[in-house]
Every structure is written in structure tokens, then in C-alpha cells.
Amino acid sequence: MNISIIGTGYVGLVTGACFAQLGHHVTCIDIDPDKIQKINQGISPIYEEGLDTLLTTYKDRITATTEYQAILNTDITFLCVGTPSNKDGSLDTSYLSEATIHIAQILKMKKTTHVMVVKSTVLPGTTQEIVLPLLEQHSGKKVGIDIGLAMNPEFLKEGVAIQDFLKPDRIVIGLYDEHSRKILRELYKDFTCPVLETTLSAAEMIKYASNAFLATKISFINEIGNLCKKQGIDTYDVAEGMGLDKRIGRAFLDAGIGWGGSCFPKDVDALISWAKQKKEPARIIEQTKAVNTDQPLRLVKILQKHIPQLKGKTIGILGLAFKPDTDDIRESRAIPIITELLRNKAHVKAYDPQAMKSFTQLFPTIEYCSSATEVLSSDAVLIITKWKEFTTLDYTGDLVIDGRRLPEAKNAKTYEGVCW
Ligand code: NAD
């Protein structure tokens, strides 16, 4: 199939590269010319394991451009632009609308039926109430007849995105029309996982409900972890015992300093804001967020038990990315922690294998180290991200406050964990 991808960030580029691996011809379209140039050189503009290799191996099947005109040579378009939060937490659909208008203007010239698939995370109703009317208004064509419409949420995790895309637990497809059903069935025919076909809105809601549930599972174990710490119980033993129950499962029960990233925070915010708009309480989801806001600051409180006056003290930070194996720092727990340390006038020195470049833009004045070892000679060391390379460090001389449960750090001179 000939596929166009609009928006070549984490989701768009992984989707494009993986479809190329599956034998399709892919055109990546983005407004950022630097990204386009890199993709055409076989270089991934983001750090994601295996993505460079896919881009170079399948370079004959991947083209990148800033020109929407390229859509005309494709049968199906995946809309993968960002859907960030507005200041009040509601969903900003401006990139989505802008891209939809551009697509519609090009589809005006297309002679054959084209399928448009929303892959960006959007609130229930968005595809039908925003994308569909814009498509019709700017193309002069009828959705459901000249243009097929579908919603196909993405569940990949950064760091293991390629594996998640190629071997997903499930594929969810919300459908508006029969032509889209036919094309998407064909596109996903070699996947062995369950494929759920449903309505546009149900597909949109499945994504939000899944992310809110996972965020809640983490906040739940963090709350249990805070209680366990008070009683000297090992939270990880508790998680083990809970996880053996098939109804619960062990995944997402790693207590720590909470969740961040580009998805959970904004999706939880959008759901809360949407619930308000619908005049329905979202009590569980609101508390999920509240626990997550407090959790990283607990690490600083524990640090202050050991060093009451942080002013002038050097605090080493291991990890800035929101999780290991990514350079993504969006809503990283490092942000509130470093903000609090700086508020207390501590000197912060930090190291991350991938995320220092983007972090510099947020915090230009802290000290960035060229190796993890350099961070160790500090008054205290905080473990923020569980990068594999932090497991090989010699912590024996240090005061370590651990936010991520790194077993090797227990060898520290003084060691304390956030929930253990
Ligand atoms: P991103 O910010 O990494 O990438 C978005 C891309 O869209 C950027 O490259 C940007 O330049 C481009 N763009 C913006 N406006 C455009 C336009 N008018 N035309 C063409 N390109 C345009 O975002 P992302 O992390 O890939 O997320 C994309 C969507 O997928 C979001 O809705 C997100 O919630 C969802 N999602 C993300 C993940 C994840 O792990 N990152 C997982 C599942 C779903």
C-alpha cells in the first residue's frame, strides 16, 4: 500500500518506519524541515532504539517531505500530529485541525477514494465532530463516500516503540464507513493480535481509559508504597504478592516517584477537563493526578531528613528522561524535583545518557556532567530514571535517595528509597 504519515514525531515516525518494514511505501510529511532532512538521510530525529536501522534499511520505501501534495500518491493517510494540553488541561486540537485542513485541500484534487486515519490521541467525539466537518468543508467531498474515515489509537511505549508497534497486544480501529474497514483490514492482515473494530468514539475512549487506568495503577501502588514505608514493609514484596493475582497482574506496580512523559499527564488532564465539560465527576482520575503531583516531592523531603539545609549543598541527579531508553523529558519527574532543589538553593549537577540536550533548554544553569560517575561525588545522589548504566556504578561512598528502586544503589553508605 502507499501510505502517508502526517507528523513524524514518536508515533508518526515509528508508524511509518514499521509500515515500511512490512513492505509498504511510506511518505512522511512534517512541517519541521530539519526533521524531514534527517529522515531522508536515514537519521532518526528522536532517540528510539532501532529506528535509525529501520530508516536506513528501508530507505527505498521511505520518503520525507514538507509538501502535503505528496498525499496524492498515497491511498491512506495517518494523522499523527501532537495533541498537547492547553493551560487549563483541555486538549489543544489546533495542530490536528490545521493538518486536517491541509489534507482536505489536497484531497480536493484526488480522483480516487482516500482513507484518512486519526492516530493522534483525541477525546471522544473529536474525529466525528472536528475532523469530519473540516475534511468535508475544505475538500468539497463527502466523508463516507469520497473519503473514508477511521480512528486507530496508538498504544506504543517510547523506548520499545518498534517492538510495541509490530507486536501489539491489540489493534483498535474505530470505523465510520465500510471502505475504511476494508482498507484497514487489509493493512493489518498479517498482525496476529486481536483486532477490535468499533465506533470512532469508542476507539478514542479506549485510548484515554487505558492510559488513565495505567496511571491510576501507578498512583495506587505509590500510595500503598507511602503507607508501607511508614510500617517498614517492603512495597515491592507487596507488589509481587498482588501481581500474582491474575486479575491484578504485576505490570505497573513499581512504586516510585510517579509517572511522566508525553502521554499519561496530558491524557489524564484532558480526561479530567472533558469530564468537567460533560458535568460528570472524575474523582478517581483527579486523585490519580494529585498523588502523582506530590510523589516526586517526597524524594526531596526524604533528602531533607538527611540534609536539612540544602542551601549550598551539591545534589547529584541520575537521570533526567521521564523513563529509561528515551530522550523524552516531557513531564519528567526530574522537573519538579530539580525545581524544588533550586528553590532551596542547592547546587544541582545532573547526568542522563540521552536527555541532557533537551533538559538544558529548561534548566540552563544547572551543572551537566559528562558521565554518571561525576555525579557520584556529591553531598547526596538522587536516582530519578532507571537507566541500565546506573546499575554498574559504585555507590559505596554515597548518600543515595532512590526514586526508582535500583538494587545496586543499596550498597551506598546511606540508602533510602521513596516507598521502601
Ligand atoms: P510529537 O510532538 O513527537 O510529534 C508530532 C509531530 O507533528 C512533530 O514532528 C510536529 O512537527 C508535527 N506537526 C505538527 N503540526 C503539523 C502539521 N500541521 N503538519 C505536519 N506535521 C505537523 O508527538 P508524538 O509523541 O508523536 O504524539 C503524536 C500523537 O500521538 C499525540 O496525540 C500523542 O498523544 C499520541 N501518542 C503518543 C505516544 C508517545 O509515546 N509519544 C504514544 C501513543 C499516542
# chains A, B, ... in the order shown; residues from 1 in each chain; ligands from 1
$ residues_near_ligand --ligand "ligand 1" --cutoff "6 Å" --atoms "only C-alpha atoms and all ligand atoms" --output "PDB file with C-alpha atoms, in the first residue's frame"
ATOM      1  CA  ILE A   6       1.333  13.442   8.830  1.00  0.00           C
ATOM      2  CA  GLY A   7       3.517  14.398  11.781  1.00  0.00           C
ATOM      3  CA  THR A   8       6.746  12.480  12.162  1.00  0.00           C
ATOM      4  CA  GLY A   9       7.291  12.532  15.911  1.00  0.00           C
ATOM      5  CA  TYR A  10       7.454   9.446  18.107  1.00  0.00           C
ATOM      6  CA  VAL A  11       4.212   7.974  16.832  1.00  0.00           C
ATOM      7  CA  GLY A  12       4.342   9.071  13.202  1.00  0.00           C
ATOM      8  CA  ILE A  29       5.085  14.689   5.981  1.00  0.00           C
ATOM      9  CA  ASP A  30       6.052  17.186   8.668  1.00  0.00           C
ATOM     10  CA  ILE A  31       6.180  20.966   8.973  1.00  0.00           C
ATOM     11  CA  ASP A  32       9.651  20.766  10.534  1.00  0.00           C
ATOM     12  CA  CYS A  80      -0.083  11.599  13.879  1.00  0.00           C
ATOM     13  CA  VAL A  81       0.394  15.256  14.886  1.00  0.00           C
ATOM     14  CA  GLY A  82       0.725  16.274  18.516  1.00  0.00           C
ATOM     15  CA  THR A  83      -2.355  16.937  20.646  1.00  0.00           C
ATOM     16  CA  TYR A  95      -2.372  21.031  15.108  1.00  0.00           C
ATOM     17  CA  GLU A  98      -4.568  22.652  10.803  1.00  0.00           C
ATOM     18  CA  ALA A  99      -3.245  19.374   9.404  1.00  0.00           C
ATOM     19  CA  SER A 120      -3.220  11.074  17.400  1.00  0.00           C
ATOM     20  CA  THR A 121      -4.803  10.712  20.829  1.00  0.00           C
ATOM     21  CA  GLU A 154      -1.638   4.060  19.173  1.00  0.00           C
ATOM     22  CA  PHE A 155      -0.525   2.232  22.325  1.00  0.00           C
ATOM     23  CA  LEU A 156       3.253   2.128  21.797  1.00  0.00           C
ATOM     24  CA  LYS A 157       5.652   2.862  24.647  1.00  0.00           C
ATOM     25  CA  GLU A 158       8.652   5.074  23.972  1.00  0.00           C
ATOM     26  CA  SER A 262       4.154  12.897  26.784  1.00  0.00           C
ATOM     27  CA  CYS A 263       1.036  10.796  27.278  1.00  0.00           C
TER      28      CYS A 263
END
$ residues_around --residues "A:Ala202" --least-positions-apart "2" --cutoff "12 Å" --atoms "only C-alpha atoms" --output "list in words"
Val122, Leu123, Pro124, Gly125, Thr126, Thr127, Gln128, Ala150, Met151, Asn152, Pro153, Val172, Ile173, Gly174, Leu175, Tyr176, Leu196, Glu197, Thr198, Thr199, Leu200, Glu204, Met205, Ile206, Lys207, Tyr208, Ala209 and Ser210 of chain A
$ atom_distance --atom1 "atom CA of A:Ala321" --atom2 "atom CA of A:Leu227"
27.1 Å
$ residues_around --residues "stretch 234-249 of chain A" --least-positions-apart "5" --cutoff "7 Å" --atoms "only C-alpha atoms" --output "short mmCIF file (atom, residue, chain, number, x, y, z; two decimals) with C-alpha atoms, in the first residue's frame"
data_model
loop_
_atom_site.label_atom_id
_atom_site.label_comp_id
_atom_site.auth_asym_id
_atom_site.auth_seq_id
_atom_site.Cartn_x
_atom_site.Cartn_y
_atom_site.Cartn_z
CA GLY A 225 4.11 2.37 48.96
CA CYS A 228 4.26 0.58 53.50
CA CYS A 419 8.44 4.00 49.10
CA TRP A 420 10.73 1.48 50.82
#
$ residues_around --residues "stretch 47-51 of chain A" --least-positions-apart "5" --cutoff "6 Å" --atoms "only C-alpha atoms" --output "JSON, numbers by chain"
{"A": [159, 326, 327]}
$ write_last_selection --atoms "all heavy atoms" --output "mmCIF file, in the first residue's frame"
data_model
loop_
_atom_site.group_PDB
_atom_site.id
_atom_site.type_symbol
_atom_site.label_atom_id
_atom_site.label_comp_id
_atom_site.auth_asym_id
_atom_site.auth_seq_id
_atom_site.Cartn_x
_atom_site.Cartn_y
_atom_site.Cartn_z
ATOM 1 N N GLY A 159 10.810 3.959 23.841
ATOM 2 C CA GLY A 159 11.887 3.083 24.329
ATOM 3 C C GLY A 159 11.751 1.689 23.740
ATOM 4 O O GLY A 159 12.739 1.048 23.423
ATOM 5 N N THR A 326 14.843 6.605 26.479
ATOM 6 C CA THR A 326 14.266 7.668 25.658
ATOM 7 C C THR A 326 14.987 8.975 25.996
ATOM 8 O O THR A 326 15.589 9.092 27.067
ATOM 9 C CB THR A 326 12.740 7.806 25.913
ATOM 10 O OG1 THR A 326 12.239 8.864 25.104
ATOM 11 C CG2 THR A 326 12.404 8.126 27.349
ATOM 12 N N ASP A 327 14.907 9.936 25.051
ATOM 13 C CA ASP A 327 15.459 11.266 25.359
ATOM 14 C C ASP A 327 14.314 12.222 25.701
ATOM 15 O O ASP A 327 14.506 13.418 25.806
ATOM 16 C CB ASP A 327 16.267 11.813 24.169
ATOM 17 C CG ASP A 327 15.433 11.896 22.888
ATOM 18 O OD1 ASP A 327 14.271 11.439 22.890
ATOM 19 O OD2 ASP A 327 15.945 12.419 21.885
#
$ select_by_dssp --residues "stretch 200-360 of chain A" --states "strand (DSSP E)" --output "JSON, numbers by chain"
{"A": [314, 315, 316, 317, 318, 347, 348, 349, 350, 351]}
$ select_by_dssp --residues "stretch 211-297 of chain A" --states "helix (DSSP H, G or I)" --output "NGL selection string"
:A and (211-231 or 235-243 or 264-277 or 283-297)
$ residues_around --residues "A:Ile5" --least-positions-apart "4" --cutoff "9 Å" --atoms "only C-alpha atoms" --output "list of chain:residue names"
A:Gly12, A:Leu13, A:Thr15, A:Gly16, A:Val26, A:Thr27, A:Cys28, A:Ile29, A:Asp30, A:Ile71, A:Ile76, A:Thr77, A:Phe78, A:Leu79, A:Cys80
$ atom_distance --atom1 "atom CA of A:Ala282" --atom2 "atom CA of A:Ser219"
15.2 Å
$ residues_around --residues "A:Ser273" --least-positions-apart "3" --cutoff "12 Å" --atoms "only C-alpha atoms" --output "list in words"
Ser85, Asn86, Lys87, Asp88, Gly89, Ser90, Leu91, Asp92, Leu123, Lys266, Asp267, Val268, Asp269, Ala270, Lys276, Gln277, Lys278, Lys279, Glu280, Pro281, Ala282, Arg283, Ile285 and Glu286 of chain A
$ write_last_selection --atoms "N, CA and C atoms" --output "PDB file, in the first residue's frame"
ATOM      1  N   SER A  85      -1.670  19.667  25.727  1.00  0.00           N
ATOM      2  CA  SER A  85      -2.671  20.232  26.644  1.00  0.00           C
ATOM      3  C   SER A  85      -2.680  21.745  26.499  1.00  0.00           C
ATOM      4  N   ASN A  86      -3.861  22.350  26.615  1.00  0.00           N
ATOM      5  CA  ASN A  86      -3.941  23.794  26.824  1.00  0.00           C
ATOM      6  C   ASN A  86      -3.575  24.066  28.279  1.00  0.00           C
ATOM      7  N   LYS A  87      -3.410  25.337  28.637  1.00  0.00           N
ATOM      8  CA  LYS A  87      -3.027  25.697  30.010  1.00  0.00           C
ATOM      9  C   LYS A  87      -4.009  25.135  31.046  1.00  0.00           C
ATOM     10  N   ASP A  88      -5.315  25.079  30.680  1.00  0.00           N
ATOM     11  CA  ASP A  88      -6.323  24.583  31.627  1.00  0.00           C
ATOM     12  C   ASP A  88      -6.451  23.061  31.590  1.00  0.00           C
ATOM     13  N   GLY A  89      -5.555  22.375  30.879  1.00  0.00           N
ATOM     14  CA  GLY A  89      -5.581  20.910  30.841  1.00  0.00           C
ATOM     15  C   GLY A  89      -6.402  20.355  29.692  1.00  0.00           C
ATOM     16  N   SER A  90      -7.228  21.199  29.077  1.00  0.00           N
ATOM     17  CA  SER A  90      -8.047  20.691  27.967  1.00  0.00           C
ATOM     18  C   SER A  90      -7.160  20.382  26.761  1.00  0.00           C
ATOM     19  N   LEU A  91      -7.736  19.659  25.806  1.00  0.00           N
ATOM     20  CA  LEU A  91      -6.944  19.200  24.658  1.00  0.00           C
ATOM     21  C   LEU A  91      -6.814  20.310  23.615  1.00  0.00           C
ATOM     22  N   ASP A  92      -5.575  20.540  23.180  1.00  0.00           N
ATOM     23  CA  ASP A  92      -5.327  21.519  22.119  1.00  0.00           C
ATOM     24  C   ASP A  92      -5.389  20.771  20.779  1.00  0.00           C
ATOM     25  N   LEU A 123      -9.896  13.208  22.186  1.00  0.00           N
ATOM     26  CA  LEU A 123     -11.035  12.915  23.062  1.00  0.00           C
ATOM     27  C   LEU A 123     -12.226  12.373  22.269  1.00  0.00           C
ATOM     28  N   LYS A 266      -0.831  14.403  30.032  1.00  0.00           N
ATOM     29  CA  LYS A 266      -1.760  15.200  29.215  1.00  0.00           C
ATOM     30  C   LYS A 266      -3.079  14.462  28.993  1.00  0.00           C
ATOM     31  N   ASP A 267      -3.011  13.127  28.916  1.00  0.00           N
ATOM     32  CA  ASP A 267      -4.258  12.381  28.701  1.00  0.00           C
ATOM     33  C   ASP A 267      -5.123  12.414  29.961  1.00  0.00           C
ATOM     34  N   VAL A 268      -4.480  12.322  31.117  1.00  0.00           N
ATOM     35  CA  VAL A 268      -5.225  12.408  32.379  1.00  0.00           C
ATOM     36  C   VAL A 268      -5.843  13.803  32.505  1.00  0.00           C
ATOM     37  N   ASP A 269      -5.061  14.838  32.204  1.00  0.00           N
ATOM     38  CA  ASP A 269      -5.583  16.216  32.258  1.00  0.00           C
ATOM     39  C   ASP A 269      -6.763  16.403  31.304  1.00  0.00           C
ATOM     40  N   ALA A 270      -6.606  15.889  30.103  1.00  0.00           N
ATOM     41  CA  ALA A 270      -7.668  16.070  29.095  1.00  0.00           C
ATOM     42  C   ALA A 270      -8.949  15.365  29.540  1.00  0.00           C
ATOM     43  N   LYS A 276     -15.332  17.500  33.269  1.00  0.00           N
ATOM     44  CA  LYS A 276     -15.903  18.771  33.761  1.00  0.00           C
ATOM     45  C   LYS A 276     -16.879  19.321  32.732  1.00  0.00           C
ATOM     46  N   GLN A 277     -16.425  19.309  31.502  1.00  0.00           N
ATOM     47  CA  GLN A 277     -17.261  19.827  30.414  1.00  0.00           C
ATOM     48  C   GLN A 277     -18.559  19.025  30.285  1.00  0.00           C
ATOM     49  N   LYS A 278     -18.467  17.734  30.553  1.00  0.00           N
ATOM     50  CA  LYS A 278     -19.658  16.869  30.465  1.00  0.00           C
ATOM     51  C   LYS A 278     -20.449  16.873  31.772  1.00  0.00           C
ATOM     52  N   LYS A 279     -19.960  17.653  32.757  1.00  0.00           N
ATOM     53  CA  LYS A 279     -20.592  17.749  34.078  1.00  0.00           C
ATOM     54  C   LYS A 279     -20.716  16.387  34.762  1.00  0.00           C
ATOM     55  N   GLU A 280     -19.637  15.601  34.645  1.00  0.00           N
ATOM     56  CA  GLU A 280     -19.553  14.315  35.332  1.00  0.00           C
ATOM     57  C   GLU A 280     -18.322  14.347  36.235  1.00  0.00           C
ATOM     58  N   PRO A 281     -18.431  13.856  37.474  1.00  0.00           N
ATOM     59  CA  PRO A 281     -17.233  13.844  38.327  1.00  0.00           C
ATOM     60  C   PRO A 281     -16.202  12.838  37.813  1.00  0.00           C
ATOM     61  N   ALA A 282     -14.908  13.176  37.982  1.00  0.00           N
ATOM     62  CA  ALA A 282     -13.845  12.235  37.605  1.00  0.00           C
ATOM     63  C   ALA A 282     -12.953  12.074  38.842  1.00  0.00           C
ATOM     64  N   ARG A 283     -13.583  11.623  39.960  1.00  0.00           N
ATOM     65  CA  ARG A 283     -12.886  11.653  41.256  1.00  0.00           C
ATOM     66  C   ARG A 283     -11.635  10.795  41.279  1.00  0.00           C
ATOM     67  N   ILE A 285      -9.761   9.768  38.813  1.00  0.00           N
ATOM     68  CA  ILE A 285      -8.712  10.279  37.916  1.00  0.00           C
ATOM     69  C   ILE A 285      -8.081  11.547  38.518  1.00  0.00           C
ATOM     70  N   GLU A 286      -8.895  12.379  39.158  1.00  0.00           N
ATOM     71  CA  GLU A 286      -8.338  13.593  39.790  1.00  0.00           C
ATOM     72  C   GLU A 286      -7.356  13.229  40.908  1.00  0.00           C
TER      73      GLU A 286
END
$ residues_around --residues "A:Thr392" --least-positions-apart "5" --cutoff "12 Å" --atoms "only C-alpha atoms" --output "PyMOL selection string"
chain A and resi 372-373+386-387+406-409+411
$ write_last_selection --atoms "all heavy atoms" --output "compact mmCIF listing (two decimals), in the first residue's frame"
# COMPACT_ATOMS: atom_id res chain seq x y z
N ALA A 372 28.10 9.48 34.44
CA ALA A 372 27.32 9.22 35.66
C ALA A 372 28.25 9.24 36.87
O ALA A 372 27.87 9.70 37.96
CB ALA A 372 26.62 7.88 35.55
N THR A 373 29.48 8.78 36.68
CA THR A 373 30.44 8.73 37.80
C THR A 373 30.67 10.11 38.39
O THR A 373 30.83 10.25 39.61
CB THR A 373 31.79 8.14 37.29
OG1 THR A 373 31.50 7.11 36.36
CG2 THR A 373 32.63 7.60 38.43
N LYS A 386 15.60 5.07 35.77
CA LYS A 386 16.27 3.76 35.95
C LYS A 386 17.02 3.35 34.69
O LYS A 386 16.67 2.33 34.06
CB LYS A 386 15.21 2.72 36.32
CG LYS A 386 15.74 1.54 37.09
CD LYS A 386 14.59 0.68 37.58
CE LYS A 386 15.07 -0.46 38.43
NZ LYS A 386 13.96 -1.24 38.97
N TRP A 387 18.03 4.13 34.30
CA TRP A 387 18.85 3.74 33.15
C TRP A 387 19.73 2.55 33.55
O TRP A 387 20.25 2.50 34.66
CB TRP A 387 19.77 4.90 32.73
CG TRP A 387 19.10 5.97 31.94
CD1 TRP A 387 18.61 7.15 32.42
CD2 TRP A 387 18.87 5.99 30.52
NE1 TRP A 387 18.09 7.91 31.39
CE2 TRP A 387 18.23 7.21 30.22
CE3 TRP A 387 19.13 5.09 29.49
CZ2 TRP A 387 17.86 7.56 28.92
CZ3 TRP A 387 18.76 5.44 28.20
CH2 TRP A 387 18.13 6.65 27.93
N LEU A 406 16.63 0.94 42.50
CA LEU A 406 17.79 0.40 41.81
C LEU A 406 18.54 -0.49 42.80
O LEU A 406 19.20 0.03 43.71
CB LEU A 406 18.67 1.57 41.35
CG LEU A 406 19.67 1.32 40.25
CD1 LEU A 406 18.94 1.14 38.91
CD2 LEU A 406 20.64 2.48 40.13
N PRO A 407 18.45 -1.82 42.69
CA PRO A 407 19.01 -2.71 43.72
C PRO A 407 20.48 -2.41 44.03
O PRO A 407 20.90 -2.44 45.18
CB PRO A 407 18.86 -4.11 43.12
CG PRO A 407 17.81 -3.98 42.08
CD PRO A 407 17.84 -2.56 41.59
N GLU A 408 21.27 -2.09 42.99
CA GLU A 408 22.72 -1.86 43.16
C GLU A 408 22.99 -0.66 44.07
O GLU A 408 24.02 -0.59 44.73
CB GLU A 408 23.39 -1.61 41.80
CG GLU A 408 23.38 -2.80 40.86
CD GLU A 408 22.02 -3.07 40.20
OE1 GLU A 408 21.11 -2.24 40.33
OE2 GLU A 408 21.89 -4.15 39.58
N ALA A 409 22.06 0.30 44.12
CA ALA A 409 22.29 1.50 44.93
C ALA A 409 22.19 1.22 46.43
O ALA A 409 22.62 2.03 47.25
CB ALA A 409 21.28 2.57 44.53
N ASN A 411 23.98 -0.58 48.00
CA ASN A 411 25.36 -0.67 48.54
C ASN A 411 25.86 0.68 49.02
O ASN A 411 26.98 0.79 49.51
CB ASN A 411 26.33 -1.16 47.45
CG ASN A 411 25.92 -2.51 46.92
OD1 ASN A 411 25.39 -3.32 47.68
ND2 ASN A 411 26.16 -2.75 45.64
